[in-house]
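*Asks:* Below you'll find the structure I mean.
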Amino acid sequence: MGPDARSATGREARPAARPDARPAARRDRVVRWLGLAGALLLAAAGFLGGALPGETTTRVWDSGDGPLIVVLWLAGTAAMVGAWWALRDGAPSARWAYVTAGLWAFPLLFSAPLGSRDVYSYACQGWVYADGGDPYTTGVGAAGCPWLDAVAPVWRDTPAPYGPFFVLLAALAVMLGGGLVGTVALLRLFAVAGLLAAASCLPGLAGAAGVPARRASWLLLACPLVGVHLVAGAHNDAVMLGLLLPALLILVRRPSQPATAQEPQPDRLGTETDRLGAVPGRADSRVAGGLPAVGWLLVAGVLLGLAVSVKATAVVVLPFAALAAVRDRYTWPALLRDGGLLAVGVLGGLLVPSLLSGLGPGWLVGLGRSGDTVQWTSPPTAVGMVVDYAGELVGRHPDAVPVTRAAGLVLLTALLVLLWWRTWSALRTRNPPKGPTVTPAESIVKLSSPARAFSPGVVAAGRTRGRVVLLGAGVALVSTVVLAPVFHPWYATWPLAVLAVAATRTAWFVLPCAAAAFLALPDGTNLARLVKAPGAVAMTVLVIVTALWTLSRLRRQPPMSASDR
């Protein structure tokens, strides 16, 4: 009997003795304490040289403890990344993953802000609104925010790029915080609450996609980007994920969906049922609690609308959420019916905060200013920088960055449409017969590349449609991060949260997350600024190589069979 077997009572069966059990247990202990040591080193670096108020003009290496701070930061990051990477195929159990991630996050919860100064921008934007101003038309500098010295200079004159729901949360933090420290503490509390909401959804989402919960929970919660940027940095991305994942969970596990026979997951938090009480082979009736299917569609839509009203990035998930909303068979009338109900909820989640705040759609204007920084970590920006560098060599100034950024957005739009269409085609190809069906639990979907996951033939008999939709949403977020005009390390947590519960192969998205953890110093200094020209050239070469590899894969791809059309 393998370690994942269960007894007939639903309790975890005692695994048979294995010769490698003792070394694996020793490795797990080393991983837990190595990661905790790394978190303590990062917290120490934060107290010595984190993103503290009034230190915006002094680089961390120019301070008296500069060398020590950098060494502590790099050592702590390397320890956390190494420990996270060691268990990328899954922690011993979901409970173990939750406890370990909590241990790692605990010292960061009481650290100074780490990795960026954005939390001070949130505080000032909330202050502007609480003071009767409009953060979408007035920069925090012009509005006279009393904490202006803590805000990064590049963001002092820009309007808020966040939705009205988050502005209301920031204003609430200002009114209850009583000062900068209290406001930052409450903003961090909001971020942790969002992260906890997302964490509670991981077992249910992983079960819907046939992925072990012990792996999904580890990949997201133990990722150093989460501890540093979402917990210590208090980024509002955590709030967005705390709304997005519950909405997706409602859609893929609501009782009106066809039942699926999912294999029991021994690493769930205690029993054979997942967090929402799903029983293998039977509709998840306990989710509903008496609420009709239409009601759950509206609830999910409201959560999605609120997620967009925190950060507009969540909008790319909406088309895939509409696919998850479809009940029974995938047909155009069913999509219009169920997707339309979901859209009603989304509009409610968007309009209510806009009306309550009195700010209207003005936040959309601020989105254009989020690309004021020019860094090679965004592939389209890197290509434009290289073109500009080449032009300067011959005495010209092509100003190519705006052009390549626009081209990246056009390409992103085309990719999102294509990705949605392939996902829809895959789902329609494998439409179940009328009435509820029971699918075998054994997964035959192998994610060897993001593009391959969405050919119609990949959704073979026996694969739940929840996984297909979640993979589509995850790869859509990957495309958004890669082709956006700017990239910051915490952006990588968007696709990570969804792919952790859906993808079968992980190295292709785990490795970039590990690399991104090294991009920022504790005071928010972006290391990419130190190597602008070499970084832009390296990124451009990577773009060319990736494009050539993708084209070669597409040429070798066999034509679609008649049965998959």
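Residue numbers start at 1 in each chain; chains themselves are named A, B, ... in the order of the structure tokens; ligands are numbered from 1 in the order shown.
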For segment 540-546 of chain A, find every residue with an atom within 7 Å (counting only C-alpha atoms), except residues of its own chain fewer than 6 positions away, and show them as a ChimeraX atom specification.
*Replies:* /A:379,382-383
*Asks:* With C-alpha atoms retained, export the selected residues as a JSON list (two decimals), in the first residue's frame.
*Replies:*
[["chain", "number", "residue", "atom", "x", "y", "z"],
["A", 379, "PRO", "CA", 10.37, 41.48, -22.29],
["A", 382, "ALA", "CA", 13.76, 45.04, -23.01],
["A", 383, "VAL", "CA", 13.38, 44.69, -26.78]]
*Asks:* Considering only C-alpha atoms, return as a list in words whatever protein or nucleic-acid residues lie within 8 Å of Ala222 of chain A, sequence-local ones (same chain, fewer than 5 positions apart) excluded.
*Replies:* Trp84, Ala97, Thr100, Ala101, Trp104, Ser217 and Gly227 of chain A
*Asks:* Would you mind telling me which residue in A:Trp127, A:Trp73, A:Trp33, A:Phe518 lies nearest to Leu48 of chain A when using only C-alpha atoms?
*Replies:* A:Trp73
*Asks:* Report, in Å to a single decimal, how far apart atom CA of Ala170 of chain A and atom CA of Pro361 of chain A are.
*Replies:* 17.6 Å
*Asks:* Need to verify the contact set: Ser200 of chain A, 9 Å, only C-alpha atoms, exclusion of same-chain residues closer than 4 positions in sequence. Can you return it as a ChimeraX atom specification?
*Replies:* /A:195-196,204,246,275
*Asks:* Write down as a VMD selection string the residues of segment 129-217 of chain A whose backbone DSSP state falls under alpha helix (DSSP H).
*Replies:* chain A and resid 129 to 130 140 to 143 164 to 177 180 to 209 213 to 217
*Asks:* Using only C-alpha atoms, which residue out of A:Val498, A:Val30, A:Ala322, A:Leu409 lies closest to Thr423 of chain A?
*Replies:* A:Ala322
*Asks:* At what distance in Å, to one decimal, does atom CA of Thr525 of chain A lie from atom CA of Cys145 of chain A?
*Replies:*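 For atom CA of Cys145 of chain A relative to atom CA of Thr525 of chain A, the distance reads 22.8 Å.
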*Asks:* Env of segment 294-297 of chain A: 9 Å cut, atoms = only C-alpha atoms, seq-sep filter 6 positions within chain, self excluded. Answer as a list in words.
*Replies:*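 The contact residues come out as Ala247, Ile250, Leu251, Arg254, Ala288, Ala325, Asp338, Gly339, Leu341, Leu342, Ala343 and Gly345 of chain A.
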*Asks:* Atom CA of Arg214 of chain A and atom CA of Pro489 of chain A are how many Å apart?
*Replies:* 24.4 Å
